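Containing compact mmCIF, C-alpha atoms and all ligand atoms: model_13.txt.
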# COMPACT_ATOMS: atom_id res chain seq x y z
CA MET A 1 18.68 24.34 7.97
CA ASP A 2 16.52 21.52 6.55
CA ASN A 3 13.75 20.54 8.88
CA ILE A 4 12.88 17.25 7.23
CA GLU A 5 11.18 15.79 10.28
CA LEU A 6 8.81 18.73 10.60
CA LEU A 7 7.94 18.70 6.90
CA GLU A 8 7.33 14.95 6.95
CA SER A 9 5.06 15.10 9.96
CA TYR A 10 3.21 18.08 8.46
CA ASN A 11 2.75 16.11 5.25
CA SER A 12 1.19 13.23 7.23
CA TYR A 13 -1.02 15.69 9.10
CA LEU A 14 -2.35 17.19 5.85
CA GLN A 15 -2.86 13.73 4.33
CA GLU A 16 -4.91 12.77 7.37
CA GLN A 17 -7.02 15.92 7.12
CA LYS A 18 -7.68 15.24 3.44
CA ALA A 19 -8.60 11.63 4.19
CA ASN A 20 -11.17 13.01 6.64
CA GLY A 21 -12.72 15.00 3.81
CA LYS A 22 -11.28 18.41 4.73
CA LYS A 23 -10.42 21.05 2.14
CA ILE A 24 -7.16 22.97 2.40
CA ILE A 25 -6.66 26.71 1.81
CA ALA A 26 -3.09 27.91 1.22
CA TYR A 27 -2.20 31.55 1.88
CA LEU A 28 0.85 33.78 1.87
CA THR A 29 1.72 34.53 5.45
CA HIS A 30 0.99 38.14 6.13
CA ASP A 31 -1.22 40.04 8.54
CA ASN A 32 -5.00 40.26 8.54
CA VAL A 33 -5.88 36.83 7.11
CA PRO A 34 -8.93 35.58 9.12
CA ILE A 35 -7.93 31.94 9.48
CA GLU A 36 -10.61 31.47 12.16
CA LEU A 37 -13.24 31.73 9.40
CA PHE A 38 -11.60 28.87 7.50
CA GLU A 39 -11.45 26.66 10.55
CA ALA A 40 -15.05 27.46 11.55
CA ALA A 41 -16.11 26.16 8.11
CA GLY A 42 -14.05 22.98 8.55
CA PHE A 43 -11.19 24.01 6.21
CA VAL A 44 -7.51 23.57 7.03
CA PRO A 45 -5.41 26.75 6.68
CA LEU A 46 -2.01 26.12 5.09
CA PRO A 47 0.43 28.98 5.69
CA LEU A 48 3.15 29.14 3.04
CA ILE A 49 6.11 29.53 5.38
CA PHE A 50 8.72 27.48 3.56
CA ALA A 51 11.44 29.50 1.83
CA GLY A 52 15.15 30.00 1.99
CA LYS A 53 16.68 28.06 -0.89
CA ASP A 54 17.85 29.27 -4.28
CA GLU A 55 16.37 26.22 -6.08
CA LEU A 56 12.87 27.38 -5.19
CA MET A 57 13.59 30.93 -6.39
CA ASP A 58 15.17 29.75 -9.63
CA ALA A 59 12.23 27.47 -10.40
CA SER A 60 9.88 30.46 -10.48
CA HIS A 61 11.50 32.40 -13.32
CA SER A 62 9.17 31.15 -16.05
CA TYR A 63 6.40 32.93 -14.14
CA LEU A 64 7.97 35.84 -12.27
CA PRO A 65 10.90 38.17 -13.03
CA PRO A 66 13.92 37.82 -10.71
CA SER A 67 13.13 41.35 -9.50
CA THR A 68 10.17 40.00 -7.51
CA CYS A 69 10.78 39.41 -3.80
CA SER A 70 12.54 36.13 -3.01
CA TYR A 71 9.67 34.92 -0.84
CA ALA A 72 7.16 35.35 -3.67
CA GLN A 73 9.54 33.59 -6.05
CA SER A 74 9.86 30.70 -3.58
CA CYS A 75 6.07 30.37 -3.26
CA ILE A 76 5.88 29.71 -7.00
CA GLY A 77 8.95 27.48 -6.77
CA TYR A 78 7.17 25.13 -4.35
CA PHE A 79 4.82 24.23 -7.16
CA SER A 80 7.10 24.45 -10.20
CA SER A 81 10.43 22.99 -9.02
CA THR A 82 11.63 19.59 -10.18
CA PRO A 83 12.28 17.40 -8.33
CA ARG A 84 9.51 18.63 -6.03
CA THR A 85 10.60 19.35 -2.49
CA HIS A 86 7.19 20.34 -1.12
CA GLU A 87 4.86 17.85 -2.74
CA PHE A 88 2.41 18.10 0.13
CA LEU A 89 1.42 21.51 -1.21
CA ASP A 90 -0.40 19.64 -3.98
CA LEU A 91 -2.96 18.86 -1.30
CA ALA A 92 -4.06 22.52 -1.26
CA ASP A 93 -7.48 22.94 -2.89
CA TYR A 94 -7.63 26.74 -2.73
CA ILE A 95 -5.31 29.72 -2.68
CA LEU A 96 -6.29 32.89 -0.87
CA LEU A 97 -5.54 36.00 -2.91
CA SER A 98 -4.99 39.02 -0.71
CA ASN A 99 -3.55 42.42 -1.55
CA HIS A 100 -0.99 42.67 1.23
CA CYS A 101 1.46 43.69 -1.51
CA VAL A 102 1.73 43.40 -5.30
CA SER A 103 3.79 40.20 -5.00
CA ASN A 104 1.08 38.59 -2.90
CA ILE A 105 -1.50 39.26 -5.63
CA CYS A 106 0.80 38.05 -8.43
CA VAL A 107 1.71 34.80 -6.68
CA SER A 108 -1.90 33.94 -5.87
CA GLU A 109 -2.98 34.69 -9.45
CA ILE A 110 -0.17 32.61 -10.94
CA LEU A 111 -0.87 29.66 -8.65
CA SER A 112 -4.55 29.85 -9.44
CA ASN A 113 -4.13 30.21 -13.22
CA ASN A 114 -1.20 27.87 -13.82
CA PHE A 115 -1.36 25.32 -11.04
CA ASN A 116 -5.07 24.76 -10.98
CA ARG A 117 -5.83 26.08 -7.51
CA LYS A 118 -9.25 27.64 -7.02
CA ARG A 119 -8.97 31.21 -5.85
CA LEU A 120 -10.65 32.98 -2.95
CA ASP A 121 -10.29 36.77 -2.90
CA PHE A 122 -9.85 38.89 0.20
CA TYR A 123 -8.91 42.56 -0.20
CA VAL A 124 -7.79 44.73 2.67
CA SER A 125 -7.87 48.51 2.85
CA TYR A 126 -4.55 50.40 2.98
CA THR A 127 -5.86 52.87 5.55
CA ARG A 128 -7.26 52.74 9.07
CA ASN A 129 -10.22 55.14 9.13
CA SER A 130 -13.87 54.31 9.74
CA ASN A 131 -14.44 53.54 6.04
CA ALA A 132 -11.48 51.15 6.06
CA LEU A 133 -13.04 49.26 8.96
CA LYS A 134 -16.39 49.08 7.14
CA TYR A 135 -14.58 47.82 4.05
CA TYR A 136 -12.70 45.16 6.01
CA LYS A 137 -15.99 44.00 7.54
CA LEU A 138 -17.62 43.80 4.10
CA GLU A 139 -14.70 41.75 2.80
CA LEU A 140 -14.96 39.36 5.76
CA LYS A 141 -18.64 38.86 4.98
CA HIS A 142 -17.86 38.39 1.32
CA LEU A 143 -15.21 35.78 2.15
CA GLN A 144 -17.63 34.04 4.50
CA LYS A 145 -20.18 33.86 1.66
CA GLU A 146 -17.56 32.49 -0.75
CA ILE A 147 -16.67 29.75 1.74
CA GLU A 148 -20.33 28.98 2.43
CA GLY A 149 -20.84 28.71 -1.33
CA ILE A 150 -18.26 25.93 -1.37
CA THR A 151 -19.56 23.98 1.62
CA LYS A 152 -23.23 24.78 0.86
CA GLU A 153 -23.66 25.37 4.57
CA ARG A 154 -23.95 28.54 6.61
CA ILE A 155 -21.13 29.03 9.12
CA PRO A 156 -22.93 29.67 12.41
CA ASP A 157 -21.74 32.75 14.32
CA HIS A 158 -21.09 30.67 17.41
CA ARG A 159 -18.63 28.48 15.43
CA ILE A 160 -16.66 31.53 14.29
CA LYS A 161 -16.58 32.86 17.83
CA GLU A 162 -15.43 29.50 19.19
CA GLU A 163 -12.57 29.51 16.70
CA ILE A 164 -11.63 33.08 17.61
CA ILE A 165 -11.48 32.08 21.28
CA ARG A 166 -9.53 28.88 20.48
CA HIS A 167 -6.93 30.81 18.43
CA ASN A 168 -6.86 33.57 21.04
CA ASN A 169 -6.03 31.10 23.82
CA PHE A 170 -3.43 29.44 21.65
CA LYS A 171 -1.66 32.72 20.87
CA THR A 172 -1.56 33.53 24.58
CA ILE A 173 0.26 30.23 25.13
CA VAL A 174 2.64 30.88 22.21
CA GLU A 175 3.43 34.31 23.66
CA GLN A 176 4.91 32.57 26.72
CA VAL A 177 7.64 31.18 24.45
CA SER A 178 8.96 34.73 23.93
CA LYS A 179 9.71 34.92 27.67
CA LEU A 180 11.55 31.60 27.89
CA ASN A 181 15.23 31.57 28.66
CA ILE A 182 16.24 29.58 25.55
CA PRO A 183 18.24 30.31 22.38
CA GLY A 184 16.50 32.20 19.59
CA SER A 185 16.72 29.25 17.20
CA GLU A 186 14.65 27.13 19.58
CA LYS A 187 12.03 29.86 19.91
CA LEU A 188 11.86 30.17 16.14
CA ASP A 189 11.30 26.41 15.73
CA ILE A 190 8.36 26.62 18.12
CA TYR A 191 6.82 29.69 16.43
CA GLN A 192 7.11 28.11 12.98
CA LYS A 193 5.47 24.92 14.15
CA ALA A 194 2.76 26.83 16.02
CA ILE A 195 1.86 28.84 12.91
CA LEU A 196 1.89 25.72 10.74
CA TYR A 197 -0.48 23.66 12.87
CA GLY A 198 -2.30 26.29 14.95
CA PRO A 199 -4.27 25.31 18.06
CA ALA A 200 -4.24 21.62 17.01
CA ILE A 201 -0.88 21.36 18.81
CA GLN A 202 -1.66 23.49 21.86
CA ALA A 203 -1.04 20.60 24.31
CA GLU A 204 2.36 19.93 22.73
CA ILE A 205 3.39 23.60 22.96
CA GLU A 206 2.28 23.72 26.60
CA GLU A 207 4.40 20.67 27.33
CA ILE A 208 7.44 22.21 25.61
CA ILE A 209 6.99 25.40 27.61
CA SER A 210 6.76 23.61 30.93
CA SER A 211 9.85 21.51 30.16
CA TYR A 212 11.81 24.65 29.27
CA LYS A 213 10.62 26.49 32.37
CA SER A 214 12.55 24.04 34.50
CA ASN A 215 15.70 25.00 32.57
CA THR A 216 17.84 27.13 34.88
CA LYS A 217 20.60 27.97 32.40
CA ASN A 218 20.56 31.71 31.64
CA THR A 219 20.89 31.85 27.85
CA ASN A 220 20.59 35.63 27.77
CA SER A 221 23.59 36.24 30.00
CA THR A 222 25.81 33.58 28.41
CA HIS A 223 25.29 35.14 24.96
CA PRO A 224 26.64 38.68 25.12
CA LYS A 225 25.42 39.44 21.59
CA ASN A 226 21.70 39.59 22.14
CA VAL A 227 19.67 41.15 19.35
CA ILE A 228 16.13 41.87 18.24
CA PHE A 229 15.17 40.52 14.84
CA THR A 230 12.69 42.61 12.85
CA GLY A 231 11.52 43.08 9.23
CA CYS A 232 10.76 40.00 7.13
CA SER A 233 10.24 36.64 8.82
CA ILE A 234 12.62 33.68 8.79
CA PHE A 235 10.85 30.79 7.05
CA ILE A 236 11.28 27.04 7.42
CA ASN A 237 14.54 25.89 5.79
CA ASP A 238 16.22 29.29 5.72
CA TYR A 239 19.90 29.19 6.74
CA LEU A 240 19.90 32.72 8.22
CA MET A 241 19.30 31.67 11.83
CA ASP A 242 22.43 29.48 11.70
CA LEU A 243 24.52 32.39 10.43
CA ILE A 244 23.39 34.62 13.30
CA GLU A 245 24.08 32.03 15.98
CA ASP A 246 27.40 31.02 14.41
CA ALA A 247 28.42 34.67 14.67
CA GLY A 248 27.72 34.53 18.43
CA GLY A 249 24.33 36.21 18.19
CA ASN A 250 21.18 35.31 20.06
CA ILE A 251 17.76 36.61 19.04
CA VAL A 252 15.78 37.56 22.12
CA LEU A 253 12.76 38.92 20.26
CA PHE A 254 11.33 38.03 16.86
CA ASP A 255 9.53 41.24 15.95
CA THR A 256 8.24 39.67 12.73
CA TRP A 257 5.10 38.02 11.42
CA ILE A 258 6.49 34.66 12.58
CA GLY A 259 6.84 35.91 16.12
CA ARG A 260 5.38 38.96 17.85
CA ASN A 261 3.00 39.99 15.05
CA TYR A 262 1.35 36.60 15.33
CA TYR A 263 1.10 36.02 19.07
CA SER A 264 0.44 39.61 20.13
CA GLN A 265 -2.79 40.01 18.16
CA THR A 266 -5.13 38.80 20.87
CA PHE A 267 -8.31 40.03 22.56
CA SER A 268 -8.94 40.52 26.26
CA GLU A 269 -11.84 38.58 27.81
CA GLU A 270 -13.75 41.86 28.16
CA VAL A 271 -13.50 42.59 24.43
CA ILE A 272 -14.57 39.05 23.54
CA ALA A 273 -17.56 39.35 25.88
CA SER A 274 -18.52 42.81 24.65
CA LEU A 275 -18.74 41.98 20.91
CA ASN A 276 -21.35 39.39 20.04
CA ASP A 277 -20.86 39.43 16.29
CA PRO A 278 -17.64 37.48 15.55
CA ILE A 279 -17.12 39.54 12.38
CA ASP A 280 -16.91 42.62 14.63
CA LEU A 281 -14.23 40.88 16.66
CA LEU A 282 -12.15 40.16 13.56
CA THR A 283 -12.61 43.77 12.45
CA LYS A 284 -11.46 44.93 15.89
CA ARG A 285 -8.26 42.95 15.47
CA PHE A 286 -7.63 44.63 12.13
CA GLU A 287 -8.22 48.03 13.76
CA ASN A 288 -5.84 47.26 16.63
CA ASN A 289 -3.04 46.05 14.37
CA VAL A 290 -1.03 49.28 14.39
CA TYR A 291 2.31 47.61 13.71
CA GLY A 292 1.39 45.76 10.51
CA ASP A 293 3.44 46.65 7.45
CA HIS A 294 0.33 46.80 5.24
CA CYS A 295 0.73 50.56 4.77
CA VAL A 296 -0.89 51.30 8.13
CA PRO A 297 -0.47 55.03 8.77
CA ASP A 298 2.41 55.55 11.23
CA SER A 299 3.13 51.81 11.49
CA LEU A 300 6.84 52.41 10.99
CA ASP A 301 6.94 55.07 13.70
CA ASN A 302 4.92 52.82 16.00
CA LYS A 303 7.48 50.08 15.41
CA ILE A 304 10.41 52.43 16.07
CA VAL A 305 8.91 53.55 19.39
CA PHE A 306 8.15 49.96 20.38
CA LEU A 307 11.71 48.83 19.61
CA GLU A 308 13.31 51.78 21.40
CA ASN A 309 11.24 51.01 24.51
CA TYR A 310 12.08 47.32 24.31
CA VAL A 311 15.82 48.05 24.05
CA ASN A 312 15.65 50.43 27.03
CA GLU A 313 13.64 48.00 29.16
CA TYR A 314 16.07 45.21 28.31
CA HIS A 315 18.99 47.43 29.30
CA LYS A 316 17.39 48.21 32.67
CA LYS A 317 16.66 44.54 33.34
CA TYR A 318 19.86 42.84 32.14
CA GLY A 319 22.39 45.68 31.76
CA ASP A 320 22.91 44.80 28.04
CA LYS A 321 22.50 47.27 25.22
CA ILE A 322 21.03 45.13 22.46
CA GLY A 323 21.05 45.84 18.73
CA VAL A 324 18.48 45.32 15.99
CA ILE A 325 18.81 43.23 12.83
CA ASN A 326 16.35 44.48 10.22
CA HIS A 327 15.87 41.61 7.77
CA ILE A 328 14.87 42.72 4.30
CA ILE A 329 14.05 40.13 1.69
CA LYS A 330 15.38 41.58 -1.55
CA PHE A 331 12.71 43.45 -3.53
CA CYS A 332 10.22 43.33 -0.67
CA ASP A 333 8.05 46.40 -1.36
CA HIS A 334 7.32 47.08 2.27
CA PHE A 335 10.62 46.67 4.04
CA SER A 336 13.07 47.74 1.32
CA LEU A 337 11.55 51.16 0.87
CA PHE A 338 11.76 52.28 4.47
CA GLN A 339 15.04 50.73 5.56
CA SER A 340 17.10 53.96 5.58
CA TYR A 341 14.48 55.91 7.55
CA PHE A 342 14.09 53.02 9.99
CA LYS A 343 17.83 52.77 10.64
CA GLU A 344 18.35 56.51 10.90
CA LYS A 345 15.52 57.00 13.40
CA LEU A 346 16.63 54.17 15.66
CA GLN A 347 20.28 55.19 15.52
CA GLU A 348 19.29 58.73 16.50
CA ARG A 349 17.84 57.10 19.62
CA GLY A 350 21.09 55.25 20.32
CA VAL A 351 20.03 51.83 18.97
CA GLN A 352 22.47 50.04 16.63
CA VAL A 353 20.78 48.67 13.50
CA LEU A 354 21.96 46.29 10.82
CA ASN A 355 19.89 46.51 7.64
CA LEU A 356 20.38 43.02 6.25
CA GLU A 357 19.04 42.94 2.71
CA ARG A 358 19.37 39.61 0.90
CA ASP A 359 17.84 36.97 -1.29
CA TYR A 360 18.08 33.24 -0.64
CA SER A 361 21.18 32.56 -2.78
CA ARG A 362 23.74 30.32 -1.13
CA SER A 363 26.47 32.28 -2.94
CA ILE A 364 26.00 35.29 -0.65
CA LYS A 365 26.25 33.28 2.57
CA GLY A 366 29.89 34.33 3.12
CA GLN A 367 29.09 37.99 2.62
CA LEU A 368 26.14 37.81 5.00
CA SER A 369 28.27 36.09 7.65
CA THR A 370 30.90 38.80 7.43
CA ARG A 371 28.30 41.55 7.85
CA ILE A 372 26.62 39.80 10.77
CA GLU A 373 29.95 39.11 12.49
CA ALA A 374 31.01 42.75 12.06
CA PHE A 375 27.69 43.88 13.58
CA MET A 376 28.11 41.52 16.53
CA GLU A 377 31.57 42.97 17.14
CA MET A 378 30.12 46.45 17.11
CA ILE A 379 27.43 45.84 19.69
S1 LIG A 401 7.13 41.87 -1.11
FE1 LIG A 401 7.46 41.67 1.13
S2 LIG A 401 5.42 41.76 1.99
FE2 LIG A 401 5.21 41.19 -0.21
S3 LIG A 401 5.28 38.93 -0.39
FE3 LIG A 401 7.34 39.66 -0.58
S4 LIG A 401 8.18 39.56 1.53
FE4 LIG A 401 5.94 39.54 1.71

Starting from the file, lay out its structure as structure tokens.
Ligand code: SF4
Amino acid sequence: MDNIELLESYNSYLQEQKANGKKIIAYLTHDNVPIELFEAAGFVPLPLIFAGKDELMDASHSYLPPSTCSYAQSCIGYFSSTPRTHEFLDLADYILLSNHCVSNICVSEILSNNFNRKRLDFYVSYTRNSNALKYYKLELKHLQKEIEGITKERIPDHRIKEEIIRHNNFKTIVEQVSKLNIPGSEKLDIYQKAILYGPAIQAEIEEIISSYKSNTKNTNSTHPKNVIFTGCSIFINDYLMDLIEDAGGNIVLFDTWIGRNYYSQTFSEEVIASLNDPIDLLTKRFENNVYGDHCVPDSLDNKIVFLENYVNEYHKKYGDKIGVINHIIKFCDHFSLFQSYFKEKLQERGVQVLNLERDYSRSIKGQLSTRIEAFMEMI
């Protein structure tokens, strides 16, 4: 669904930031990007969370083969499509290159080399031992130095810590959305907006939450086809959410980067108080992120256990046995590879899973609808 109003207001927001002399850093939306560092230095983080149309994919083929994931193709398409649909992305001064996956590296390199975006590098270890933590910390310091080289000013530790606390508080507020008794599509709209703007719209999100809290209609019980959505995120302008709700489905939990992965990565007050160095706090978050799909050892098993527990708890509370839609963007290295194992393990535990692998082509909409409808019948 086109969210023209959101894109227009985001365009105005970025224009305003630029007019105030701020620099903008675009990044592919995956785990472990320390956006607090950017904000502490006065930069505006721009998450690339717009994808879901074939035009954007098609416009990337002079740069990437069609066997690259559809999200990566779309990220190039933002910049290369004509007519341009996301012109506000021209406002980005920098692109963050991170090695979350091969596609992430390729897209950042292509944008930097062909679309004249300066590149900042941030590499993340594929393991979680003590050396991986040391490496992550070194990379944070390296990134900090790169940013300071641009602004010619040191980022004071207290500024980084203030940003960590500001984002931490904001995520705690966003987490409350997951508990609201509203349709999944409305939750998704709020998450997408929250990730786009960050704490700058905390007051607005708080207002939305309090208006919804007075809503007494029980969405969960009026939609018998409640499901958990996991795997790859749903980005702004993707039609998938409509297909799920048209088939009678209601997403009660977004177990994706736009959703639980974002709002659950918070610190307790004790942890914030116990670590003076803000770089240690960011490293702690990396260490605690046991569900991330960045080849974290056992992350898939951790996810399976989490989902099984969630399904069982939900059953106890509402009496419904909910299913799981595992969304796999075609050619996504991380989620494609493990889809059979994921489904098998959850089904052994009595949880119904639909592995929904797709690209953003409109031509497969009918096929996707049929598969989703059949799954809804089954649960
Ligand atoms: S391959 Fe997967 S993890 Fe990598 S950019 Fe594409 S969707 Fe993201």

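We find CA of Glu308 (chain A) and CA of Cys69 (chain A) to be spaced 28.2 Å apart.
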
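Interatomic distance, CA of Asp54 (chain A) to CA of Asn113 (chain A): 23.7 Å.
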
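Interatomic distance, CA of Cys332 (chain A) against CA of Asn104 (chain A): 10.5 Å.
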
Expected selection as a PDB file with C-alpha atoms, keeping the file's coordinate frame for ligand LIG 401 (chain A) within 12 Å, all atoms listed in the file:
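Output file out17.pdb follows:
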ATOM      1  CA  TYR A  27      -2.200  31.550   1.880  1.00  0.00           C
ATOM      2  CA  LEU A  28       0.850  33.780   1.870  1.00  0.00           C
ATOM      3  CA  THR A  29       1.720  34.530   5.450  1.00  0.00           C
ATOM      4  CA  HIS A  30       0.990  38.140   6.130  1.00  0.00           C
ATOM      5  CA  ASP A  31      -1.220  40.040   8.540  1.00  0.00           C
ATOM      6  CA  LEU A  48       3.150  29.140   3.040  1.00  0.00           C
ATOM      7  CA  ILE A  49       6.110  29.530   5.380  1.00  0.00           C
ATOM      8  CA  ALA A  51      11.440  29.500   1.830  1.00  0.00           C
ATOM      9  CA  GLY A  52      15.150  30.000   1.990  1.00  0.00           C
ATOM     10  CA  SER A  67      13.130  41.350  -9.500  1.00  0.00           C
ATOM     11  CA  THR A  68      10.170  40.000  -7.510  1.00  0.00           C
ATOM     12  CA  CYS A  69      10.780  39.410  -3.800  1.00  0.00           C
ATOM     13  CA  SER A  70      12.540  36.130  -3.010  1.00  0.00           C
ATOM     14  CA  TYR A  71       9.670  34.920  -0.840  1.00  0.00           C
ATOM     15  CA  ALA A  72       7.160  35.350  -3.670  1.00  0.00           C
ATOM     16  CA  GLN A  73       9.540  33.590  -6.050  1.00  0.00           C
ATOM     17  CA  SER A  74       9.860  30.700  -3.580  1.00  0.00           C
ATOM     18  CA  CYS A  75       6.070  30.370  -3.260  1.00  0.00           C
ATOM     19  CA  ILE A  76       5.880  29.710  -7.000  1.00  0.00           C
ATOM     20  CA  LEU A  97      -5.540  36.000  -2.910  1.00  0.00           C
ATOM     21  CA  SER A  98      -4.990  39.020  -0.710  1.00  0.00           C
ATOM     22  CA  ASN A  99      -3.550  42.420  -1.550  1.00  0.00           C
ATOM     23  CA  HIS A 100      -0.990  42.670   1.230  1.00  0.00           C
ATOM     24  CA  CYS A 101       1.460  43.690  -1.510  1.00  0.00           C
ATOM     25  CA  VAL A 102       1.730  43.400  -5.300  1.00  0.00           C
ATOM     26  CA  SER A 103       3.790  40.200  -5.000  1.00  0.00           C
ATOM     27  CA  ASN A 104       1.080  38.590  -2.900  1.00  0.00           C
ATOM     28  CA  ILE A 105      -1.500  39.260  -5.630  1.00  0.00           C
ATOM     29  CA  CYS A 106       0.800  38.050  -8.430  1.00  0.00           C
ATOM     30  CA  VAL A 107       1.710  34.800  -6.680  1.00  0.00           C
ATOM     31  CA  SER A 108      -1.900  33.940  -5.870  1.00  0.00           C
ATOM     32  CA  GLY A 231      11.520  43.080   9.230  1.00  0.00           C
ATOM     33  CA  CYS A 232      10.760  40.000   7.130  1.00  0.00           C
ATOM     34  CA  SER A 233      10.240  36.640   8.820  1.00  0.00           C
ATOM     35  CA  ILE A 234      12.620  33.680   8.790  1.00  0.00           C
ATOM     36  CA  PHE A 235      10.850  30.790   7.050  1.00  0.00           C
ATOM     37  CA  THR A 256       8.240  39.670  12.730  1.00  0.00           C
ATOM     38  CA  TRP A 257       5.100  38.020  11.420  1.00  0.00           C
ATOM     39  CA  ILE A 258       6.490  34.660  12.580  1.00  0.00           C
ATOM     40  CA  GLY A 292       1.390  45.760  10.510  1.00  0.00           C
ATOM     41  CA  ASP A 293       3.440  46.650   7.450  1.00  0.00           C
ATOM     42  CA  HIS A 294       0.330  46.800   5.240  1.00  0.00           C
ATOM     43  CA  CYS A 295       0.730  50.560   4.770  1.00  0.00           C
ATOM     44  CA  HIS A 327      15.870  41.610   7.770  1.00  0.00           C
ATOM     45  CA  ILE A 328      14.870  42.720   4.300  1.00  0.00           C
ATOM     46  CA  ILE A 329      14.050  40.130   1.690  1.00  0.00           C
ATOM     47  CA  LYS A 330      15.380  41.580  -1.550  1.00  0.00           C
ATOM     48  CA  PHE A 331      12.710  43.450  -3.530  1.00  0.00           C
ATOM     49  CA  CYS A 332      10.220  43.330  -0.670  1.00  0.00           C
ATOM     50  CA  ASP A 333       8.050  46.400  -1.360  1.00  0.00           C
ATOM     51  CA  HIS A 334       7.320  47.080   2.270  1.00  0.00           C
ATOM     52  CA  PHE A 335      10.620  46.670   4.040  1.00  0.00           C
ATOM     53  CA  SER A 336      13.070  47.740   1.320  1.00  0.00           C
ATOM     54  CA  LEU A 337      11.550  51.160   0.870  1.00  0.00           C
ATOM     55  CA  PHE A 338      11.760  52.280   4.470  1.00  0.00           C
ATOM     56  CA  GLU A 357      19.040  42.940   2.710  1.00  0.00           C
ATOM     57  CA  ARG A 358      19.370  39.610   0.900  1.00  0.00           C
ATOM     58  CA  ASP A 359      17.840  36.970  -1.290  1.00  0.00           C
ATOM     59  CA  TYR A 360      18.080  33.240  -0.640  1.00  0.00           C
TER      60      TYR A 360
END

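Compared by their closest atoms to Ile201 (chain A), and using only C-alpha atoms, the residues A:Ile24, A:Tyr78, A:Tyr10, A:Gly319 rank with A:Tyr10 nearest.
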
All residues 10 Å or closer to Lys18 (chain A), only C-alpha atoms, same chain fewer than 2 positions away omitted, as a list in words: Ser12, Tyr13, Leu14, Gln15, Glu16, Asn20, Gly21, Lys22, Lys23, Ile24, Phe43, Val44, Leu91, Ala92 and Asp93 of chain A

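Excluding Ile251 (chain A) itself and same-chain residues fewer than 4 positions from it, the residues having an atom within 8 Å of it are Pro183, Gly184, Ser185, Asn226, Val227, Ile228 and Phe229 of chain A, counting all atoms listed in the file.
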
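Using only C-alpha atoms for every distance, the candidate list A:Glu245, A:Ile209, A:Gly42, A:Pro34 yields A:Gly42 as the residue closest to Arg154 (chain A).
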
Leu196 (chain A) proximity check over A:Tyr239, A:Tyr63, A:Tyr341, A:Phe50, using only C-alpha atoms: winner is A:Phe50

Which residues are near Tyr310 (chain A)? Cut-off 12 Å, all atoms listed in the file, ignore same chain within fewer than 2 positions. Put them as a ChimeraX atom specification. /A:227-228,252-255,303-308,312-318,320-324,346,351

Measuring atom to atom with only C-alpha atoms, identify which of A:Ser361, A:Lys284, A:Ile164, A:Leu111 is nearest to Pro66 (chain A). A:Ser361

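Restricting the calculation to only C-alpha atoms, the smallest distance between Asp58 (chain A) and any of A:Gln367, A:Phe88, A:Gly77, A:Leu46 is found for A:Gly77.
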
Shortest interatomic distance to Thr370 (chain A) - which of A:Arg285, A:Leu356, A:Asn309, A:Phe115, counting only C-alpha atoms: A:Leu356

For Arg128 (chain A): contacts at 10 Å, only C-alpha atoms, fewer than 5 positions along chain excluded, given as a VMD selection string: chain A and resid 133 136 286 to 290 295 to 297

List every protein, DNA or RNA residue that has an atom no more than 10 Å from (8.6, 15.9, 4.5) in the file's coordinate frame, counting only C-alpha atoms, and report them as an mmCIF file with C-alpha atoms, in the coordinates of the input.
data_model
loop_
_atom_site.group_PDB
_atom_site.id
_atom_site.type_symbol
_atom_site.label_atom_id
_atom_site.label_comp_id
_atom_site.auth_asym_id
_atom_site.auth_seq_id
_atom_site.Cartn_x
_atom_site.Cartn_y
_atom_site.Cartn_z
ATOM 1 C CA ASP A 2 16.520 21.520 6.550
ATOM 2 C CA ASN A 3 13.750 20.540 8.880
ATOM 3 C CA ILE A 4 12.880 17.250 7.230
ATOM 4 C CA GLU A 5 11.180 15.790 10.280
ATOM 5 C CA LEU A 6 8.810 18.730 10.600
ATOM 6 C CA LEU A 7 7.940 18.700 6.900
ATOM 7 C CA GLU A 8 7.330 14.950 6.950
ATOM 8 C CA SER A 9 5.060 15.100 9.960
ATOM 9 C CA TYR A 10 3.210 18.080 8.460
ATOM 10 C CA ASN A 11 2.750 16.110 5.250
ATOM 11 C CA SER A 12 1.190 13.230 7.230
ATOM 12 C CA THR A 85 10.600 19.350 -2.490
ATOM 13 C CA HIS A 86 7.190 20.340 -1.120
ATOM 14 C CA GLU A 87 4.860 17.850 -2.740
ATOM 15 C CA PHE A 88 2.410 18.100 0.130
#

Using all atoms listed in the file, determine which residues lie at most 7 Å from His167 (chain A), disregarding the query and same-chain residues fewer than 4 positions distant; provide the list as a PDB file with C-alpha atoms, in the frame of the given file.
ATOM      1  CA  GLU A 163     -12.570  29.510  16.700  1.00  0.00           C
ATOM      2  CA  LYS A 171      -1.660  32.720  20.870  1.00  0.00           C
ATOM      3  CA  PRO A 199      -4.270  25.310  18.060  1.00  0.00           C
TER       4      PRO A 199
END

Box centre and edge lengths (Å, one decimal), axis-aligned, region 365-377 of chain A plus 6 Å each side, as JSON:
{"center_x": 28.9, "center_y": 38.6, "center_z": 9.9, "size_x": 17.4, "size_y": 22.6, "size_z": 26.6}
